[in-house]
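Comments concern the structure below.
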2 protein chains.
Amino acid sequence: MESKVAVTTLAALAQETRLSIFRLLVTAGPEGLAVGRIGEALGVAPATLSFHLKELAHAGLVGTRQEGRFIYYSANYAAMNELLSFLTENCCNGAPCSIPAAAGCCDGACN
Amino acid sequence: MESKVAVTTLAALAQETRLSIFRLLVTAGPEGLAVGRIGEALGVAPATLSFHLKELAHAGLVGTRQEGRFIYYSANYAAMNELLSFLTENCCNGAPCSIPAAAGCCDGACN
DNA sequence: TCCATATTTCCATTTTTATGGAAATATGGA
DNA sequence: TCCATATTTCCATAAAAATGGAAATATGGA
(Lines give C-alpha, C1' and ligand atoms only; values in the text may rest on other atoms or scores of the structure.)
Protein backbone atom coordinates (compact mmCIF):
# COMPACT_ATOMS: atom_id res chain seq x y z
CA MET A 1 0.00 0.00 0.00
CA GLU A 2 1.25 3.41 -0.95
CA SER A 3 1.41 6.29 1.49
CA LYS A 4 -1.16 8.38 -0.37
CA VAL A 5 -3.59 5.52 -0.45
CA ALA A 6 -3.10 5.03 3.27
CA VAL A 7 -3.82 8.70 3.89
CA THR A 8 -7.01 8.47 1.85
CA THR A 9 -8.11 5.37 3.72
CA LEU A 10 -7.27 6.84 7.12
CA ALA A 11 -9.03 10.09 6.23
CA ALA A 12 -12.12 8.15 5.28
CA LEU A 13 -12.21 6.59 8.73
CA ALA A 14 -11.18 9.75 10.59
CA GLN A 15 -14.69 11.14 10.84
CA GLU A 16 -17.40 10.27 13.37
CA THR A 17 -20.16 9.65 10.87
CA ARG A 18 -18.02 7.61 8.49
CA LEU A 19 -16.42 5.57 11.25
CA SER A 20 -19.92 4.79 12.55
CA ILE A 21 -21.07 3.80 9.08
CA PHE A 22 -18.06 1.58 8.55
CA ARG A 23 -18.35 -0.10 11.90
CA LEU A 24 -22.05 -0.65 11.34
CA LEU A 25 -21.27 -2.31 8.02
CA VAL A 26 -18.52 -4.39 9.58
CA THR A 27 -20.94 -5.81 12.10
CA ALA A 28 -23.67 -6.14 9.48
CA GLY A 29 -21.56 -8.65 7.60
CA PRO A 30 -20.79 -9.21 3.91
CA GLU A 31 -24.41 -8.82 2.78
CA GLY A 32 -24.32 -5.20 3.92
CA LEU A 33 -27.17 -2.76 4.45
CA ALA A 34 -29.33 -0.58 2.21
CA VAL A 35 -28.63 3.15 2.36
CA GLY A 36 -31.98 3.89 3.99
CA ARG A 37 -31.27 1.39 6.74
CA ILE A 38 -27.94 2.99 7.48
CA GLY A 39 -29.55 6.42 7.62
CA GLU A 40 -32.21 5.16 10.01
CA ALA A 41 -29.69 3.45 12.24
CA LEU A 42 -27.40 6.45 12.52
CA GLY A 43 -29.81 9.36 12.08
CA VAL A 44 -28.00 10.93 9.16
CA ALA A 45 -29.69 13.04 6.46
CA PRO A 46 -29.83 11.50 2.97
CA ALA A 47 -27.52 13.99 1.26
CA THR A 48 -25.01 13.80 4.07
CA LEU A 49 -25.14 10.03 4.10
CA SER A 50 -24.66 9.83 0.36
CA PHE A 51 -21.65 12.11 0.64
CA HIS A 52 -20.00 9.98 3.29
CA LEU A 53 -20.78 6.71 1.56
CA LYS A 54 -19.11 8.03 -1.55
CA GLU A 55 -16.07 8.95 0.49
CA LEU A 56 -15.87 5.47 1.94
CA ALA A 57 -16.38 3.91 -1.47
CA HIS A 58 -13.75 6.16 -3.02
CA ALA A 59 -11.33 5.01 -0.36
CA GLY A 60 -12.20 1.44 -1.21
CA LEU A 61 -13.43 0.68 2.27
CA VAL A 62 -16.93 -0.28 1.16
CA GLY A 63 -18.48 -1.92 -1.85
CA THR A 64 -21.96 -1.66 -3.35
CA ARG A 65 -24.52 -4.04 -4.74
CA GLN A 66 -27.84 -3.12 -6.25
CA GLU A 67 -30.93 -5.11 -5.37
CA GLY A 68 -34.14 -3.76 -6.82
CA ARG A 69 -34.24 -0.08 -5.99
CA PHE A 70 -32.11 -0.59 -2.94
CA ILE A 71 -28.37 -0.19 -2.96
CA TYR A 72 -26.53 -2.26 -0.42
CA TYR A 73 -23.24 -1.07 0.98
CA SER A 74 -20.91 -3.54 2.63
CA ALA A 75 -17.54 -3.39 4.33
CA ASN A 76 -14.45 -4.34 2.36
CA TYR A 77 -12.55 -6.40 4.88
CA ALA A 78 -9.60 -6.91 2.58
CA ALA A 79 -9.04 -3.15 2.28
CA MET A 80 -9.17 -2.90 6.05
CA ASN A 81 -6.53 -5.60 6.36
CA GLU A 82 -4.25 -3.84 3.91
CA LEU A 83 -4.42 -0.69 5.99
CA LEU A 84 -3.60 -2.60 9.16
CA SER A 85 -0.62 -4.19 7.48
CA PHE A 86 0.61 -0.84 6.25
CA LEU A 87 0.40 0.68 9.71
CA THR A 88 2.33 -2.13 11.30
CA GLU A 89 4.97 -2.58 8.63
CA ASN A 90 8.43 -1.21 9.39
CA CYS A 91 7.44 -1.33 13.03
CA CYS A 92 10.49 -1.23 15.27
CA ASN A 93 12.65 -1.56 12.21
CA GLY A 94 15.12 -4.32 12.89
CA ALA A 95 15.98 -4.55 16.56
CA PRO A 96 15.05 -4.83 19.34
CA CYS A 97 11.41 -5.82 18.72
CA SER A 98 10.81 -8.80 16.46
CA ILE A 99 7.20 -9.64 17.05
CA PRO A 100 5.29 -10.56 13.88
CA ALA A 101 3.54 -7.53 12.40
CA ALA A 102 0.21 -9.32 12.48
CA ALA A 103 0.30 -9.30 16.26
CA GLY A 104 0.30 -5.50 16.26
CA CYS A 105 3.11 -3.02 16.48
CA CYS A 106 5.69 -4.46 18.88
CA ASP A 107 2.79 -5.50 21.08
CA GLY A 108 3.54 -2.42 23.14
CA ALA A 109 6.89 -3.78 24.16
CA CYS A 110 8.94 -0.91 22.76
CA ASN A 111 8.18 1.77 25.27
CA MET B 1 -10.89 2.75 23.03
CA GLU B 2 -13.75 5.13 22.50
CA SER B 3 -15.01 6.13 19.08
CA LYS B 4 -14.04 9.78 19.49
CA VAL B 5 -10.53 8.86 20.53
CA ALA B 6 -10.27 6.61 17.50
CA VAL B 7 -11.37 9.45 15.24
CA THR B 8 -8.75 11.74 16.75
CA THR B 9 -6.06 9.13 16.31
CA LEU B 10 -7.08 8.33 12.76
CA ALA B 11 -7.26 12.03 11.89
CA ALA B 12 -3.76 12.51 13.23
CA LEU B 13 -2.49 9.85 10.83
CA ALA B 14 -4.70 10.89 7.91
CA GLN B 15 -2.33 13.54 6.64
CA GLU B 16 0.74 13.11 4.44
CA THR B 17 3.12 15.12 6.59
CA ARG B 18 1.98 13.59 9.86
CA LEU B 19 1.95 10.06 8.53
CA SER B 20 5.50 10.62 7.29
CA ILE B 21 6.56 11.96 10.66
CA PHE B 22 5.00 9.07 12.49
CA ARG B 23 6.49 6.45 10.23
CA LEU B 24 9.87 8.12 10.49
CA LEU B 25 9.61 7.94 14.27
CA VAL B 26 8.45 4.34 14.15
CA THR B 27 11.57 3.37 12.24
CA ALA B 28 13.74 5.63 14.40
CA GLY B 29 12.92 3.52 17.43
CA PRO B 30 12.08 4.37 21.05
CA GLU B 31 14.86 6.94 21.44
CA GLY B 32 13.15 9.11 18.82
CA LEU B 33 14.45 12.13 16.91
CA ALA B 34 14.95 15.82 17.68
CA VAL B 35 12.53 18.21 15.97
CA GLY B 36 15.26 19.67 13.79
CA ARG B 37 16.23 16.25 12.53
CA ILE B 38 12.66 15.47 11.59
CA GLY B 39 12.39 18.76 9.76
CA GLU B 40 15.58 18.08 7.84
CA ALA B 41 14.56 14.55 6.95
CA LEU B 42 11.16 15.56 5.65
CA GLY B 43 11.74 19.11 4.44
CA VAL B 44 9.03 20.70 6.54
CA ALA B 45 9.10 24.31 7.80
CA PRO B 46 9.53 24.76 11.57
CA ALA B 47 6.10 26.25 12.25
CA THR B 48 4.39 23.61 10.16
CA LEU B 49 6.37 20.84 11.81
CA SER B 50 5.59 22.11 15.28
CA PHE B 51 1.91 22.23 14.39
CA HIS B 52 1.87 18.64 13.20
CA LEU B 53 3.94 17.34 16.08
CA LYS B 54 1.47 18.88 18.46
CA GLU B 55 -1.36 17.18 16.62
CA LEU B 56 0.37 13.82 16.91
CA ALA B 57 1.15 14.41 20.57
CA HIS B 58 -2.41 15.50 21.27
CA ALA B 59 -3.61 12.26 19.71
CA GLY B 60 -1.20 10.37 21.96
CA LEU B 61 0.67 8.88 19.02
CA VAL B 62 4.01 10.37 20.00
CA GLY B 63 5.77 11.26 23.23
CA THR B 64 8.45 13.81 24.01
CA ARG B 65 11.64 13.92 25.99
CA GLN B 66 13.86 16.91 26.54
CA GLU B 67 17.59 16.60 26.24
CA GLY B 68 19.52 19.82 26.50
CA ARG B 69 17.90 22.25 24.15
CA PHE B 70 16.70 19.46 21.92
CA ILE B 71 13.28 17.92 22.22
CA TYR B 72 13.06 14.34 21.10
CA TYR B 73 9.83 13.00 19.73
CA SER B 74 9.23 9.25 19.67
CA ALA B 75 6.46 6.95 18.50
CA ASN B 76 4.02 5.59 21.04
CA TYR B 77 3.71 1.99 19.94
CA ALA B 78 1.11 1.16 22.57
CA ALA B 79 -1.25 3.84 21.24
CA MET B 80 -0.80 2.42 17.78
CA ASN B 81 -1.69 -1.03 19.02
CA GLU B 82 -4.84 0.25 20.69
CA LEU B 83 -5.98 1.78 17.45
CA LEU B 84 -5.37 -1.46 15.57
CA SER B 85 -7.35 -3.38 18.15
CA PHE B 86 -10.20 -0.92 17.91
CA LEU B 87 -10.35 -1.20 14.15
CA THR B 88 -10.45 -4.98 14.20
CA GLU B 89 -12.83 -5.43 17.13
CA ASN B 90 -16.39 -6.45 16.27
CA CYS B 91 -15.01 -7.66 12.98
CA CYS B 92 -17.46 -10.03 11.31
CA ASN B 93 -19.53 -10.01 14.44
CA GLY B 94 -20.23 -13.63 15.39
CA ALA B 95 -20.45 -15.81 12.33
CA PRO B 96 -19.17 -16.80 9.88
CA CYS B 97 -15.63 -15.52 10.42
CA SER B 98 -13.90 -16.49 13.65
CA ILE B 99 -10.29 -15.60 13.04
CA PRO B 100 -8.54 -13.93 16.01
CA ALA B 101 -8.69 -10.13 15.75
CA ALA B 102 -4.91 -9.88 16.04
CA ALA B 103 -4.58 -11.62 12.70
CA GLY B 104 -6.42 -8.75 11.04
CA CYS B 105 -10.04 -8.36 10.14
CA CYS B 106 -11.29 -11.75 8.95
CA ASP B 107 -8.06 -12.13 7.06
CA GLY B 108 -9.96 -11.04 3.96
CA ALA B 109 -12.06 -14.18 4.08
CA CYS B 110 -15.43 -12.40 4.31
CA ASN B 111 -15.76 -11.07 0.81
C1' DT C 1 25.31 38.54 31.17
C1' DC C 2 25.20 37.97 26.24
C1' DC C 3 24.90 35.12 22.28
C1' DA C 4 23.64 31.27 19.28
C1' DT C 5 20.46 27.94 18.37
C1' DA C 6 16.14 24.92 19.15
C1' DT C 7 11.44 25.03 19.31
C1' DT C 8 7.03 27.06 19.81
C1' DT C 9 3.37 30.60 19.45
C1' DC C 10 0.88 34.10 16.97
C1' DC C 11 -1.38 35.40 13.02
C1' DA C 12 -3.31 35.77 8.42
C1' DT C 13 -4.31 33.24 4.43
C1' DT C 14 -5.66 29.45 1.69
C1' DT C 15 -7.58 25.03 1.14
C1' DT C 16 -10.35 21.24 2.37
C1' DT C 17 -14.24 19.09 4.61
C1' DA C 18 -18.99 18.64 6.41
C1' DT C 19 -23.84 19.69 6.21
C1' DG C 20 -28.51 19.49 4.45
C1' DG C 21 -32.43 21.57 1.48
C1' DA C 22 -34.20 21.08 -2.95
C1' DA C 23 -34.21 19.12 -7.29
C1' DA C 24 -32.86 15.33 -10.33
C1' DT C 25 -32.46 10.46 -11.38
C1' DA C 26 -33.51 5.49 -11.05
C1' DT C 27 -36.29 1.50 -10.10
C1' DG C 28 -40.27 -1.39 -9.55
C1' DG C 29 -45.20 -1.76 -8.98
C1' DA C 30 -50.05 -0.57 -10.18
C1' DT D 1 -47.96 5.31 -18.37
C1' DC D 2 -48.13 7.17 -13.77
C1' DC D 3 -46.89 6.93 -9.03
C1' DA D 4 -44.26 6.01 -4.86
C1' DT D 5 -39.98 5.49 -3.01
C1' DA D 6 -34.68 4.98 -2.94
C1' DT D 7 -30.66 7.29 -3.76
C1' DT D 8 -27.77 10.77 -5.67
C1' DT D 9 -26.43 15.34 -7.42
C1' DC D 10 -26.38 20.30 -7.15
C1' DC D 11 -25.65 24.11 -4.52
C1' DA D 12 -24.66 27.36 -0.89
C1' DT D 13 -23.01 27.77 3.59
C1' DA D 14 -20.43 26.85 7.65
C1' DA D 15 -16.63 24.81 9.97
C1' DA D 16 -12.11 22.81 10.32
C1' DA D 17 -7.41 21.97 8.82
C1' DA D 18 -2.87 23.19 6.69
C1' DT D 19 0.74 26.46 5.70
C1' DG D 20 4.64 29.44 6.77
C1' DG D 21 6.60 34.24 8.01
C1' DA D 22 7.76 36.74 11.93
C1' DA D 23 8.19 37.20 16.68
C1' DA D 24 8.54 35.05 21.21
C1' DT D 25 10.42 31.73 24.41
C1' DA D 26 13.80 28.36 26.25
C1' DT D 27 18.23 26.31 26.88
C1' DG D 28 23.16 25.84 27.24
C1' DG D 29 27.67 27.72 26.35
C1' DA D 30 31.13 31.53 26.28
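Labeling convention for the C-alpha coordinates: chains A, B, ... as they appear, residues from 1 per chain, ligands from 1 in order of appearance.
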I'd like a table as a tab-separated table: residues in chain C with an atom no more than 12 Å from stretch 27-44 of chain B, each row giving the shortest atom pair and its distance in Å to one decimal, only C-alpha atoms (C1' of nucleotides) counted, sorted by chain and rising residue number.
residue	atom	partner	partner_atom	distance
C:DT5	C1'	B:Gly36	CA	10.8
C:DA6	C1'	B:Gly36	CA	7.6
C:DT7	C1'	B:Val35	CA	7.7
C:DT8	C1'	B:Val35	CA	11.1
request  = Return the neighbours of chain D among the residues of chain A, cut-off 7 Å, counting only C-alpha atoms (C1' of nucleotides), as a PyMOL selection string.
outcome  = chain A and resi 50+69-70
Could you dump the residues just selected with C-alpha atoms as a PDB file, in the first residue's frame?
ATOM      1  CA  SER A  50     -24.658   9.829   0.363  1.00  0.00           C
ATOM      2  CA  ARG A  69     -34.238  -0.084  -5.992  1.00  0.00           C
ATOM      3  CA  PHE A  70     -32.106  -0.589  -2.936  1.00  0.00           C
TER       4      PHE A  70
END
If we count only C-alpha atoms (C1' of nucleotides) and set the cut-off at 6 Å, which residues sit around A:Ala59, ignoring sequence neighbours fewer than 3 positions away in its own chain? Please answer as a tab-separated table (two decimals) with N, CA, C and O atoms, in the first residue's frame.
chain	number	residue	atom	x	y	z
A	8	THR	N	-5.61	8.45	2.29
A	8	THR	CA	-7.01	8.47	1.85
A	8	THR	C	-7.87	7.55	2.70
A	8	THR	O	-8.97	7.91	3.13
A	9	THR	N	-7.36	6.35	2.94
A	9	THR	CA	-8.11	5.37	3.72
A	9	THR	C	-8.28	5.84	5.16
A	9	THR	O	-9.38	5.76	5.73
A	56	LEU	N	-16.30	6.81	1.55
A	56	LEU	CA	-15.87	5.47	1.94
A	56	LEU	C	-15.64	4.58	0.72
A	56	LEU	O	-14.66	3.82	0.67
query = Any idea what the distance is between atom CA of B:Ile21 and atom CA of B:Leu61?
reply = 10.7 Å
request  = Could you give me, as a PyMOL selection string, the residues within 12 Å of B:Glu55, counting only C-alpha atoms (C1' of nucleotides) and dropping anything in the same chain fewer than 6 positions from it?
outcome  = (chain B and resi 8-15+17-19+21-22+48-49+61-63) or (chain D and resi 17-18)
key: All alpha helix (DSSP H) positions in chain B, as a ChimeraX atom specification   = /B:3-13,16-28,35-42,46-58,77-88
